[in-house]
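Undergrad: I'd like to ask some things about the structure below.
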Amino acid sequence: MIELEGLTKRYGEKVAVNNLSFAVRPGMVTGFLGPNGAGKSTTMRMILGLDRPTAGDVRIDGTHYDRLKDPLTYIGALLDAKAVHGGRSAFNHLLCLAQSNGIPRARVHEVLDTVGLTPVARKKAKGFSLGMGQRLGIAGALLGDPRILMFDEPVNGLDPEGIHWIRTLMKSLAAQGRTVFVSSHLMSEMALTADHLVVIGQGRLLADTSMADFIQRNSRAYVRVRTPQPEQLSDVLAAAGITVVRTGDGAFEVDGGKAEHIGELAARHQVVLHELSPQQASLEEAFMRLTAESVEYHAHSGTGDAPAARAWGEDWTGEG
Amino acid sequence: MIEAVGLTKRYGAKTAVYNLSFQVRPGAVTGFLGPNGSGKSTTMRMILGLDNPTSGQVTIGGYPYRKLPNAARQVGALLDAKAVHGGRSARSHLLSLAQLSGIPARRVDEVLGVVGLQDVAKKRSKGFSLGMGQRLGIAAALLGDPQVLLFDEPVNGLDPEGILWVRNLMKALAAEGRTVFVSSHLMSEMALTADHLIVIGRGQLLSDMSVKDFISANSADFARVRTPDTEPQLREKLTSALTGAGGQVLPEQDGALRVMGLPLPRISDLAHDVDVRLWELSPHQASLEEAYMRMTQGAVDYRSTIDQKAGLQQPLPPGAQPPMPVPGQGQPGWYAPPAPPQQGGQQFAPPQGQPPAGPYGAPAPGAAPAPAPGAPQPNPYAQAAPQAPVQPVATPAAPAAPAAAPAPAADLTKSEDAR
Amino acid sequence: MAAAQVVRSEWTKIRSVASTVWTLSLAVVVTVALGILISLLSRHEFDNLSRAERLSFDPTFVSFAGMSLGQLAMIVFGVLVVSNEYSTGMIRTSLAAVPQRGTFLFSKLAVATALAFGVGLATSFVTFFLGQAMLGEHRAALGDPGVLRAVVGGGLYMTLIAVFSMGVAAMLRGPMLSLGILMPFFFLISNILGNVGATEKVGRYLPDQAGSSIMRVVTPVDDDTPYGPWGGLGIMALWVLAALLGGFLSLKKRDA
């Protein structure tokens, strides 16, 4: 369990983290989301005692990080895959971490095996790809077999097999009753991994809810219906006071209706349905809606490029 | 249009890319997928004339890159966001590129606006975050307003807003009729962005088809069916009706049914015939990830294994509780699907006992990336392969026999997909 | 307990990077080789010296002449031991593993200091014996008054130079900045201040000039230095303590 209470960090005038309070509970994967510059990394660094809070408090299982004896056996973290001396071999890197926390040497071999780096254990970390570095960082986090794990952008640089592996790993760690706290910018990945979400924007807590609640609260839920008898269905639903929207491909989108309700109505009126599927917006959509105001770098909308480019092209052909 | 014909690259004894032929067409986003070490970067580098092919050739609009007249205005590429002189400002970096190819300075400010870096244009790129560096790289790719764009892992380091922006940008570029070629490891992202996929493994073409076909070919579609919760007997009734009609029915965790082998209208009719009301009838497609994992199994570099924790068993540090025993823990395959023994972990290792002349030539077991062991149906890719526009010399149409062998990994991927 | 674990860990760290080996071996080779060369030259030059110069001829000190260059390698060693943590980003991993920053820093310093002392002492003895062998009839013996003190002192001097660098690096963090300040300071500024009449009196309180008096056996004829060999080493030790205190406070206060 990680508990934050009124956590605040100021850099001069700038407030990076503002009065943040939440708890990360065991037994599930908690996703930590926020736009760039929202204060995610600063928060994670304060959890590990790397940065001092300006005000407020963080506790790991009720204790301050710097009071933990052998902290790697309580909490393992992957903050930055590059936080490794490039001239040291993967094995020696893990060995020095293990020794500092009284972890037996055999465990180093184990975690190297777990992350699949045994064949390159004696190679210098300098030559590692981003994905291998990430695996080494994950090995470091697992080293003390801790009850709490924290990962910052763990899939960075991993290939699909690696991404699948780390997702399964995080879920199984949570299923073992551990606390798993993971930040990521990949909404589609988060949607597959996390059970619970903590969302911050501009250093403030925006949401602390379950994944399902978060999507439900921040997006439109509707039911998609297909039928060979569109007119009848329209009438039936309209009679029941349910509004429908016809989409281009011949389906209906029914807002605010429950699938079971529509199913019952259709059965009662003998309307054949070829599809009746409750739809939910993606986590990404929900996230965008929530954080719309707290984004640091705004790119012009993607399609905005087209007119600009064309206008420029005309000039250019004129000159040429 | 990018066209590769028999593209091969050898580094000494190692074959990075072998006899690769494909076309990347304009007007679509084409995803370029493959495990680490499969030759994606080498291919990209050969397209851009940075590496010379050992044999074969790759052309852009009919010309090899180095012979392209005014290449910078025809091809834009984001290969490595860090390939920037850190001491230079974003603007002067772009300006120097623009001047190299006779692009007016006005365009620099335009692309800076497009990528959202106008406010930091005068700052040195050394202080840029990974995401900002990525935006700068994209700005450079757009600079010459090129018809052909190549992106290598474009969303790396971007935040959700940036990821959405890049996705929309690529789609918009394709919609304007440009050729957009994107490599990525993020399957879920690719599923949202790409129209067409080129998949390579161990330097060979594994697949060249639309995303939709790729997923259907490499996985099983199914329907989720829910009957009224209040009347459990209806569920039994429907199950037997569906099974009787030749469908496979599996229960889902939340009480719904997963039905395979029957189209949705047929399920609807069957339900009607036995007088069962439906509360849900939704089509489900497997994820691109699942389809991809099935196809590329065996062509992977680093394998993860289960965490043994033996080293920690003796002296548990005071205060730490022993790990809770949990079902699933300790089963092989929980952490990572086990590698097929003959292919485990080696990169481009020539198959044992094969003559060096055609290392990938024959669909020998162990040479071609095998179909997913554990796929319940006959290898779907083998059937779909003839649809591919470009037929690789060594289509990994491996014998369908191993496909029948069930593997523990298969269930795992499936339950994932149901989320 | 905890500190012992951290010391073991730091030993693993220091022995597993190449820079440790090459900086320390460079210190040994440069000091010894230059010591031999200058001893050899001095032996041939001795007959040309004036009477006063012959009286203040210090064969022990002459054999340590290589240290002025060898100490630069010791500085690099000291700087890299600490600032590598920062330049590679390893510091975050290290402090997450050992959040007690005092324990972390002083375990690291203890390991590096012990290693520097071992190498420094060996270098000092080797360069003394080889240097004396070159000096022929002008040589000093280890049993002569003050000579053993000077030879052991040579080892201490090299150690303290390295520790001073570690303290400065802990304050400044970056290897480039630390080396950019320490190298010119010891190689140029200290020499200039020490050799210009007006600043000579200030110059001799600088760490290297004060500390190197431990290696002198014969005092120059017109010497007015206000401290003896141990006093000089004491002044140097005060510099080292100040640098360590600065480094410790900097690590303690600042965000990693």
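Just so we're on the same page: first chain in the structure tokens is A, next is B, and so on; residues restart at 1 for each chain, and ligands are numbered from 1 in the order they show up.
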Quick one: which residues from chain C are at most 7 Å off chain A, using only C-alpha atoms, as a list of chain:residue names?
TA: C:Gln5, C:Val6, C:Arg8, C:Ser9, C:Glu10, C:Thr12, C:Lys13, C:Ser16, C:Val17, C:Ala18, C:Thr88, C:Gly89, C:Met90, C:Arg92, C:Thr93, C:Leu95, C:Ala96, C:Ala97, C:Val98, C:Pro99, C:Gln100, C:Asp255, C:Ala256
Undergrad: Output C-alpha atoms for every residue in the selection just made, as a tab-separated table (two decimals), in the first residue's frame.
TA:
```tsv
chain	number	residue	atom	x	y	z
C	5	GLN	CA	25.77	-4.44	3.07
C	6	VAL	CA	26.18	-1.07	1.46
C	8	ARG	CA	29.83	-4.68	-0.10
C	9	SER	CA	27.54	-3.22	-2.71
C	10	GLU	CA	29.86	-0.29	-3.29
C	12	THR	CA	30.88	-4.50	-6.37
C	13	LYS	CA	30.18	-1.19	-8.04
C	16	SER	CA	32.82	-3.68	-11.98
C	17	VAL	CA	33.61	-0.59	-14.00
C	18	ALA	CA	36.58	-0.20	-16.28
C	88	THR	CA	24.62	7.70	-15.84
C	89	GLY	CA	21.45	8.26	-13.82
C	90	MET	CA	22.46	5.37	-11.58
C	92	ARG	CA	18.31	7.28	-8.64
C	93	THR	CA	18.61	3.51	-8.62
C	95	LEU	CA	19.30	6.03	-3.63
C	96	ALA	CA	16.13	4.00	-4.09
C	97	ALA	CA	18.11	1.00	-2.86
C	98	VAL	CA	19.84	2.93	-0.06
C	99	PRO	CA	17.67	5.88	0.94
C	100	GLN	CA	19.92	6.77	3.89
C	255	ASP	CA	16.67	16.19	-4.92
C	256	ALA	CA	18.31	13.30	-6.64
```
Undergrad: Could you list, as JSON, numbers by chain, every residue within 7 Å of Ser210 (chain A), counting only C-alpha atoms and ignoring same-chain residues fewer than 5 positions away?
TA: {"A": [195, 196, 197]}
Undergrad: For the residues in that selection, give me N, CA and C atoms as a compact mmCIF listing (two decimals), in the first residue's frame.
TA:
```txt
# COMPACT_ATOMS: atom_id res chain seq x y z
N ASP A 195 -6.76 -2.09 -13.29
CA ASP A 195 -8.08 -2.29 -12.72
C ASP A 195 -8.61 -0.98 -12.15
N HIS A 196 -7.66 -0.17 -11.69
CA HIS A 196 -8.02 1.06 -11.01
C HIS A 196 -7.20 2.18 -11.62
N LEU A 197 -7.71 3.39 -11.57
CA LEU A 197 -6.98 4.50 -12.19
C LEU A 197 -6.83 5.66 -11.22
```
Undergrad: Nearest to chain B among A:Gly116, A:Gly131, A:Gly248, A:Gly241, with distances taken over only C-alpha atoms: which residue is it?
TA: A:Gly116
Undergrad: DSSP says alpha helix (DSSP H) for which residues of region 68-105 of chain A? Put them as a short mmCIF file (atom, residue, chain, number, x, y, z; two decimals) with C-alpha atoms, in the first residue's frame?
TA:
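What follows is the written file selection.cif:
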```
data_model
loop_
_atom_site.label_atom_id
_atom_site.label_comp_id
_atom_site.auth_asym_id
_atom_site.auth_seq_id
_atom_site.Cartn_x
_atom_site.Cartn_y
_atom_site.Cartn_z
CA ALA A 90 23.73 -6.50 -16.20
CA PHE A 91 24.75 -9.06 -13.60
CA ASN A 92 26.99 -6.71 -11.65
CA HIS A 93 24.38 -3.97 -11.77
CA LEU A 94 21.84 -6.24 -10.14
CA LEU A 95 24.45 -7.71 -7.80
CA CYS A 96 25.36 -4.35 -6.30
CA LEU A 97 21.68 -3.57 -5.79
CA ALA A 98 21.12 -6.98 -4.20
CA GLN A 99 24.10 -6.64 -1.86
CA SER A 100 23.01 -3.24 -0.64
CA ARG A 105 23.21 -13.56 -5.05
#
```
Undergrad: Kindly determine which residues of chain A lie within 6 Å of chain B, considering only C-alpha atoms, and give the answer as a list in words.
TA: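 Applying the cut-off to the listed atoms yields Pro35, Asn36, Ala106, Arg107, Thr114, Val115, Gly116, Asp159, Pro160, Trp165, Leu169, Gln176, His185, Ser188, Ala259, Glu260, Gly263, Ala267, His274, Glu275, Leu276, Ser277, His298, Ala299, His300, Gly302 and Thr303 of chain A.
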Undergrad: By how many Å are CA of Gly131 (chain C) and CA of Leu41 (chain C) apart?
TA: 10.6 Å
Undergrad: I need the residue nearest Ala150 (chain C) from this list: C:Ala169, C:Ile91, C:Met215, C:Ala4. Use only C-alpha atoms for the distance.
TA: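 Checking each of C:Ala169, C:Ile91, C:Met215, C:Ala4 against Ala150 (chain C), counting only C-alpha atoms, the winner is C:Met215.
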Undergrad: I'd like the contact shell of Lys9 (chain A) - 10 Å cut-off, only C-alpha atoms, skipping same-chain residues fewer than 6 positions apart - returned as a list in words.
TA: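 Near neighbours after the sequence-gap exclusion: Val15, Ala16, Val17, Asn18, Asn19, Leu20, Gly39, Thr42, Thr43, Met46, Asp51, Arg52, Pro53, Thr54, Ala55, Gly56 and Gly203 of chain A.
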Undergrad: Just give me the gap between CA of Met295 (chain B) and CA of Leu205 (chain B) in Å, one decimal is fine.
TA: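 Straight-line distance from CA of Met295 (chain B) to CA of Leu205 (chain B) works out to 11.5 Å.
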Undergrad: Residues of region 99-171 of chain A in strand (DSSP E or B) according to DSSP, as a ChimeraX atom specification?
TA: /A:124,148-152
Undergrad: Give me, please, the distance in Å between CA of Asp80 (chain B) and CA of Arg66 (chain B), quoted to one decimal.
TA: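 Value for the CA of Asp80 (chain B)-CA of Arg66 (chain B) distance: 19.7 Å.
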Undergrad: Quick one: residues within 10 Å of Tyr157 (chain C), only C-alpha atoms, excluding same-chain residues fewer than 6 positions away - as a count of residues only?
TA: 20
Undergrad: Of the residues B:His196, B:Lys212, B:Arg45, B:Lys237, which is the one nearest to Ala286 (chain B), using only C-alpha atoms?
TA: B:Lys212
